[in-house]
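J.: Here's a structure for you.
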Amino acid sequence: MKSRVVFVLLAFISFQSLFSQELNATVSINYDRMTDVNPQIFKNLEKQLIEFLNTTKWTAKEYKQNEKITCNFFINIAKYNSNNFESTLQIQSSRPIFNSTYESPILNINDKDFNFRYIEFEQLIYDQNSYTSNLISVLAFYSNMIIGLDKDSFEDLGGTKQLEIASNIVNIAQSSGYKGWNQSDGGNSNRYFLISDLLSNTFQPYRKSLYQYHFEGLDLMADNLSKGKDGVAVSIETIAKIQKSRPNALLTRTFFDAKADEIVSIFSGGPATNNAQLIETLNRISPLNSVKWNKIN
């Protein structure tokens with residue numbers, strides 16, 4: 001009887017291991033400037049954030065191990081005093097490309113207003129309908145955004161639900177007093193504007209281009225390189241639609257912050273495409289990357 005119980009337990013554990021949470025996240029904290037602080041607090045924070053991001057259940061879907069989304073959170077500590085942290089946060093995410101070992105970058109965002117209070121070993125618990133701390137809210141916001149845009153890359157506008165959850169996090173956090181959540185915080189590139197644009201019909205071409213670029217572009221390249229490149233070219237024309245009404249838009253910059261180097265690689269060599277038209281479009285909608293576009297041959 002005992003052996004049977006052990007067998008059932010092991011079988012259950014094995015079954016559970018087939019499924020896991022949504023993120024495969026790494027966290028790196030740079031605290032080089034903190035010369036008069038015990039470094040252990042930053043190491044413990046790093047461990048807790050890795051656990052928080054990777055064990056929190058962000059969606060109702062069961063993700064298999066190979067479906068987990070690769071993402072990185074880089075925290076650069078500028079100041080620390082009495083459990084209060086001033087820092088910046090770099091968020092990167094990618095998704096696998098069909099029939100290859102390559103992962104394509106989707107997000108590469110720098111959040112300059114990542115300030116928070118953290119007491120060592122405090123429990124980190126996420127509730128999407130309430131505000132617990134700025135630390136949890138910021139990480140939850142970007143986790144839902146990562147998942148939402150990952151879903152968009154597999155299904156046309158497939159990530160709407162997760163993006164709406166991210167929007168709800170913004171709404172709840174607006175009364176916290178921390179920067180980055182409000183329209184009035186200055187600039188037009190904080191969390192408020194990012195999620196507002198993502199859910200706006202005006203900027204819907206950004207999300208549609210993610211689907212075209214990946215599912216109708218890169219995912220086809222293993223079987224038909226020319227057709228895959230055409231799909232990527234179509235996605236660039238789609239995102240160019242934003243330029244007509246919103247030149248130098250936040251989401252256009254967000255797209256190319258993640259994709260510029262990859263685009264150069266895709267269209268340099270291989271089956272010939274209309275690179276002249278492509279380069280003209282790229283220079284028009286992302287002139288800051290003109291040096292890179294000139295490398296396309």
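FYI, nothing fancy with the structure tokens labels: chains A, B, ... in order, residues from 1 per chain, ligands from 1 as they appear.
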Would you mind listing, for every residue of segment 137-183 of chain A within 12 Å of segment 59-76 of chain A, the two atoms forming the shortest contact and the distance between them in Å to one decimal, using only C-alpha atoms, sorted by chain and ascending residue number, as CSV?
T.:
```
residue,atom,partner,partner_atom,distance
A:Val138,CA,A:Phe73,CA,11.3
A:Leu139,CA,A:Phe73,CA,9.0
A:Ala140,CA,A:Thr59,CA,11.7
A:Tyr142,CA,A:Phe73,CA,9.6
A:Ser143,CA,A:Cys71,CA,9.0
A:Asn144,CA,A:Thr59,CA,8.6
A:Met145,CA,A:Cys71,CA,11.4
A:Ile146,CA,A:Cys71,CA,8.0
A:Ile147,CA,A:Ile69,CA,7.5
A:Gly148,CA,A:Thr59,CA,10.1
A:Leu149,CA,A:Ile69,CA,10.7
A:Asp150,CA,A:Ile69,CA,7.7
A:Lys151,CA,A:Ile69,CA,10.2
A:Phe154,CA,A:Glu67,CA,11.8
A:Gly159,CA,A:Thr59,CA,11.0
A:Lys161,CA,A:Thr59,CA,9.4
A:Gln162,CA,A:Thr59,CA,7.9
A:Leu163,CA,A:Thr59,CA,11.6
A:Ile165,CA,A:Thr59,CA,10.0
```
J.: For the interface of segment 4-119 of chain A with segment 196-211 of chain A (cut-off 12 Å, counting only C-alpha atoms), please tabulate each contacting residue of segment 4-119 of chain A alongside its nearest pair of atoms and their separation in Å to one decimal, rows sorted by chain and increasing number, as CSV.
T.:
```
residue,atom,partner,partner_atom,distance
A:Ser94,CA,A:Leu210,CA,11.8
A:Arg95,CA,A:Leu210,CA,11.2
A:Ser104,CA,A:Leu210,CA,11.0
A:Pro105,CA,A:Leu210,CA,10.8
A:Ile106,CA,A:Leu210,CA,8.1
A:Leu107,CA,A:Leu210,CA,10.8
```
J.: Write out the residues from the selection above, keeping C-alpha atoms, as a PDB file, in the first residue's frame.
T.:
```
ATOM      1  CA  SER A  94      11.679  37.110 -26.572  1.00  0.00           C
ATOM      2  CA  ARG A  95       9.783  34.260 -28.196  1.00  0.00           C
ATOM      3  CA  SER A 104      13.289  36.700 -31.465  1.00  0.00           C
ATOM      4  CA  PRO A 105      13.240  39.803 -29.230  1.00  0.00           C
ATOM      5  CA  ILE A 106       9.831  41.340 -28.644  1.00  0.00           C
ATOM      6  CA  LEU A 107      10.446  43.869 -25.870  1.00  0.00           C
TER       7      LEU A 107
END
```
J.: Taking only residues of segment 239-288 of chain A that have an atom at most 12 Å from an atom of segment 170-192 of chain A, what is each one's shortest atom pair and its distance in Å to one decimal, using only C-alpha atoms, in chain and number order, as a Markdown table?
T.:
```
| residue | atom | partner | partner_atom | distance |
| --- | --- | --- | --- | --- |
| A:Asn248 | CA | A:Asn188 | CA | 11.3 |
| A:Ala249 | CA | A:Asn188 | CA | 9.3 |
| A:Leu250 | CA | A:Ser189 | CA | 6.3 |
| A:Leu251 | CA | A:Ser189 | CA | 9.1 |
| A:Thr252 | CA | A:Ser189 | CA | 11.6 |
| A:Arg253 | CA | A:Ser189 | CA | 10.0 |
| A:Thr254 | CA | A:Ser189 | CA | 9.7 |
```
J.: Produce a file of the selected residues containing N, CA and C atoms, as a compact mmCIF listing (two decimals), in the first residue's frame.
T.:
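Produced file part_24.txt, reproduced below:
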```
# COMPACT_ATOMS: atom_id res chain seq x y z
N ASN A 248 7.00 59.58 -34.77
CA ASN A 248 7.88 59.31 -33.64
C ASN A 248 7.11 58.83 -32.41
N ALA A 249 6.11 58.00 -32.63
CA ALA A 249 5.27 57.51 -31.54
C ALA A 249 6.05 56.57 -30.63
N LEU A 250 5.62 56.51 -29.38
CA LEU A 250 6.26 55.65 -28.38
C LEU A 250 6.31 54.20 -28.85
N LEU A 251 5.22 53.67 -29.37
CA LEU A 251 5.20 52.26 -29.76
C LEU A 251 6.04 51.99 -31.00
N THR A 252 6.17 52.97 -31.88
CA THR A 252 7.07 52.81 -33.02
C THR A 252 8.50 52.69 -32.52
N ARG A 253 8.87 53.56 -31.57
CA ARG A 253 10.21 53.49 -30.99
C ARG A 253 10.40 52.18 -30.23
N THR A 254 9.37 51.74 -29.53
CA THR A 254 9.44 50.48 -28.79
C THR A 254 9.69 49.30 -29.73
```
J.: Using DSSP on the backbone, list every residue of segment 23-208 of chain A that comes out as strand (DSSP E), and give them as number ranges by chain.
T.: A: 23-30, 63-64, 69-81, 84-96, 103-117
J.: Keeping N, CA and C atoms, export the residues of the selection given above as a short mmCIF file (atom, residue, chain, number, x, y, z; two decimals), in the first residue's frame.
T.:
```cif
data_model
loop_
_atom_site.label_atom_id
_atom_site.label_comp_id
_atom_site.auth_asym_id
_atom_site.auth_seq_id
_atom_site.Cartn_x
_atom_site.Cartn_y
_atom_site.Cartn_z
N LEU A 23 6.27 32.48 -17.01
CA LEU A 23 7.54 33.15 -17.28
C LEU A 23 8.76 32.31 -16.95
N ASN A 24 9.76 32.45 -17.77
CA ASN A 24 11.10 31.96 -17.46
C ASN A 24 11.97 33.20 -17.32
N ALA A 25 11.90 33.81 -16.14
CA ALA A 25 12.49 35.13 -15.92
C ALA A 25 13.81 35.05 -15.17
N THR A 26 14.75 35.89 -15.59
CA THR A 26 15.96 36.11 -14.82
C THR A 26 15.93 37.55 -14.29
N VAL A 27 16.57 37.75 -13.16
CA VAL A 27 16.66 39.08 -12.55
C VAL A 27 18.12 39.34 -12.22
N SER A 28 18.62 40.48 -12.65
CA SER A 28 19.99 40.90 -12.34
C SER A 28 19.95 42.28 -11.71
N ILE A 29 20.58 42.42 -10.56
CA ILE A 29 20.59 43.70 -9.85
C ILE A 29 22.02 44.23 -9.80
N ASN A 30 22.21 45.41 -10.34
CA ASN A 30 23.51 46.09 -10.28
C ASN A 30 23.50 47.06 -9.11
N TYR A 63 0.73 26.53 -18.88
CA TYR A 63 1.85 26.60 -19.81
C TYR A 63 2.74 25.37 -19.66
N LYS A 64 3.08 24.73 -20.78
CA LYS A 64 4.06 23.67 -20.74
C LYS A 64 5.46 24.29 -20.58
N ILE A 69 7.83 31.91 -21.30
CA ILE A 69 8.34 33.07 -22.01
C ILE A 69 9.67 33.51 -21.40
N THR A 70 10.69 33.53 -22.21
CA THR A 70 12.00 33.99 -21.75
C THR A 70 12.00 35.50 -21.60
N CYS A 71 12.37 35.98 -20.42
CA CYS A 71 12.41 37.42 -20.19
C CYS A 71 13.48 37.74 -19.15
N ASN A 72 13.95 38.98 -19.20
CA ASN A 72 15.03 39.43 -18.31
C ASN A 72 14.67 40.77 -17.69
N PHE A 73 14.95 40.90 -16.41
CA PHE A 73 14.73 42.14 -15.69
C PHE A 73 16.08 42.60 -15.12
N PHE A 74 16.57 43.75 -15.60
CA PHE A 74 17.85 44.29 -15.14
C PHE A 74 17.58 45.54 -14.29
N ILE A 75 17.93 45.48 -13.03
CA ILE A 75 17.68 46.58 -12.11
C ILE A 75 19.00 47.25 -11.76
N ASN A 76 19.06 48.55 -11.99
CA ASN A 76 20.26 49.32 -11.69
C ASN A 76 19.96 50.25 -10.51
N ILE A 77 20.55 49.94 -9.35
CA ILE A 77 20.27 50.72 -8.14
C ILE A 77 21.08 52.00 -8.14
N ALA A 78 20.40 53.14 -8.02
CA ALA A 78 21.07 54.44 -7.97
C ALA A 78 21.22 54.93 -6.53
N LYS A 79 20.19 54.70 -5.71
CA LYS A 79 20.23 55.13 -4.31
C LYS A 79 19.51 54.12 -3.44
N TYR A 80 19.98 54.01 -2.20
CA TYR A 80 19.30 53.16 -1.21
C TYR A 80 19.41 53.82 0.15
N ASN A 81 18.26 53.95 0.80
CA ASN A 81 18.25 54.56 2.13
C ASN A 81 17.01 54.12 2.89
N ASN A 84 14.33 52.18 1.15
CA ASN A 84 13.82 52.83 -0.05
C ASN A 84 14.86 52.77 -1.17
N PHE A 85 14.42 52.33 -2.34
CA PHE A 85 15.31 52.14 -3.48
C PHE A 85 14.94 53.10 -4.59
N GLU A 86 15.96 53.72 -5.19
CA GLU A 86 15.78 54.47 -6.43
C GLU A 86 16.56 53.75 -7.50
N SER A 87 15.90 53.40 -8.60
CA SER A 87 16.56 52.57 -9.61
C SER A 87 15.91 52.75 -10.97
N THR A 88 16.52 52.14 -11.95
CA THR A 88 15.93 52.01 -13.28
C THR A 88 15.76 50.52 -13.58
N LEU A 89 14.87 50.23 -14.51
CA LEU A 89 14.56 48.84 -14.82
C LEU A 89 14.56 48.63 -16.33
N GLN A 90 15.38 47.69 -16.79
CA GLN A 90 15.40 47.30 -18.20
C GLN A 90 14.67 45.98 -18.34
N ILE A 91 13.67 45.94 -19.22
CA ILE A 91 12.87 44.73 -19.41
C ILE A 91 13.08 44.22 -20.83
N GLN A 92 13.40 42.96 -20.95
CA GLN A 92 13.57 42.33 -22.26
C GLN A 92 12.78 41.03 -22.30
N SER A 93 12.18 40.74 -23.44
CA SER A 93 11.50 39.45 -23.60
C SER A 93 11.68 38.98 -25.04
N SER A 94 11.53 37.68 -25.24
CA SER A 94 11.68 37.11 -26.57
C SER A 94 10.75 35.92 -26.72
N ARG A 95 10.61 35.44 -27.96
CA ARG A 95 9.78 34.26 -28.20
C ARG A 95 10.45 33.36 -29.22
N PRO A 96 10.29 32.03 -29.08
CA PRO A 96 10.95 31.10 -30.00
C PRO A 96 10.35 31.18 -31.40
N GLU A 103 15.53 32.66 -30.76
CA GLU A 103 14.49 33.40 -30.05
C GLU A 103 14.53 34.85 -30.51
N SER A 104 13.38 35.35 -30.91
CA SER A 104 13.29 36.70 -31.47
C SER A 104 12.89 37.69 -30.38
N PRO A 105 13.60 38.81 -30.25
CA PRO A 105 13.24 39.80 -29.23
C PRO A 105 11.91 40.47 -29.54
N ILE A 106 11.11 40.64 -28.50
CA ILE A 106 9.83 41.34 -28.64
C ILE A 106 9.86 42.66 -27.90
N LEU A 107 10.38 42.65 -26.68
CA LEU A 107 10.45 43.87 -25.87
C LEU A 107 11.87 44.19 -25.47
N ASN A 108 12.17 45.48 -25.46
CA ASN A 108 13.43 45.99 -24.90
C ASN A 108 13.15 47.39 -24.39
N ILE A 109 12.69 47.49 -23.15
CA ILE A 109 12.18 48.74 -22.59
C ILE A 109 13.01 49.16 -21.39
N ASN A 110 13.26 50.45 -21.29
CA ASN A 110 13.95 51.00 -20.13
C ASN A 110 12.99 51.88 -19.33
N ASP A 111 12.67 51.46 -18.13
CA ASP A 111 11.79 52.22 -17.23
C ASP A 111 12.68 53.00 -16.27
N LYS A 112 12.64 54.32 -16.39
CA LYS A 112 13.53 55.17 -15.60
C LYS A 112 12.96 55.57 -14.24
N ASP A 113 11.76 55.13 -13.94
CA ASP A 113 11.11 55.53 -12.69
C ASP A 113 10.76 54.32 -11.82
N PHE A 114 11.73 53.46 -11.60
CA PHE A 114 11.49 52.26 -10.81
C PHE A 114 11.98 52.48 -9.38
N ASN A 115 11.18 53.21 -8.61
CA ASN A 115 11.47 53.47 -7.21
C ASN A 115 10.52 52.67 -6.34
N PHE A 116 11.01 52.12 -5.25
CA PHE A 116 10.16 51.24 -4.44
C PHE A 116 10.72 51.10 -3.03
N ARG A 117 9.87 50.60 -2.16
CA ARG A 117 10.25 50.29 -0.79
C ARG A 117 10.23 48.77 -0.62
#
```
J.: Applying 10 Å and only C-alpha atoms, which residues near Asn274 of chain A remain after dropping the ones on its own chain fewer than 4 positions away? List them as a ChimeraX atom specification.
T.: /A:230,233,267,278-279
J.: Save the residues we just selected, N, CA and C atoms, as an mmCIF file, in the first residue's frame?
T.:
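Below is the file that was written, result02.cif:
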```cif
data_model
loop_
_atom_site.group_PDB
_atom_site.id
_atom_site.type_symbol
_atom_site.label_atom_id
_atom_site.label_comp_id
_atom_site.auth_asym_id
_atom_site.auth_seq_id
_atom_site.Cartn_x
_atom_site.Cartn_y
_atom_site.Cartn_z
ATOM 1 N N ASP A 230 8.985 38.197 -46.763
ATOM 2 C CA ASP A 230 7.857 39.015 -47.233
ATOM 3 C C ASP A 230 6.918 39.344 -46.077
ATOM 4 N N ALA A 233 8.435 42.093 -44.062
ATOM 5 C CA ALA A 233 8.318 43.362 -44.796
ATOM 6 C C ALA A 233 6.906 43.934 -44.691
ATOM 7 N N PHE A 267 17.298 41.061 -43.641
ATOM 8 C CA PHE A 267 17.288 41.534 -45.030
ATOM 9 C C PHE A 267 18.693 41.719 -45.609
ATOM 10 N N LEU A 278 11.934 49.023 -48.847
ATOM 11 C CA LEU A 278 12.018 48.722 -47.425
ATOM 12 C C LEU A 278 12.858 49.755 -46.701
ATOM 13 N N ILE A 279 14.035 50.066 -47.228
ATOM 14 C CA ILE A 279 14.938 51.018 -46.584
ATOM 15 C C ILE A 279 14.309 52.404 -46.533
#
```
J.: Please determine, counting only C-alpha atoms, which residue among A:Leu194, A:Ile236, A:Leu124, A:Ile296 has the shortest atom-to-atom distance to Asp261 of chain A.
T.: A:Ile296
J.: So that I can check the secondary structure, give me every residue of segment 227-274 of chain A assigned helix (DSSP H, G or I) by backbone DSSP, as JSON, numbers by chain.
T.: {"A": [227, 228, 229, 230, 231, 232, 233, 234, 235, 236, 237, 238, 239, 240, 241, 242, 243, 244, 245, 250, 251, 252, 253, 254, 255, 256, 257, 258, 259, 260, 261, 262, 263, 264, 265, 266]}
J.: Please measure the separation of atom CA of Gly270 of chain A and atom CA of Gly231 of chain A, giving the value in Å to one decimal.
T.: 14.6 Å
J.: Closest to Glu120 of chain A among A:Gln212, A:Asn83, A:Gln21, A:Ser268, using only C-alpha atoms?
T.: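 Going through A:Gln212, A:Asn83, A:Gln21, A:Ser268 one by one, the smallest distance to Glu120 of chain A is for A:Asn83.
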J.: Interatomic distance between atom CA of Ile50 of chain A and atom CA of Asp152 of chain A?
T.: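 Interatomic distance here is 24.6 Å.
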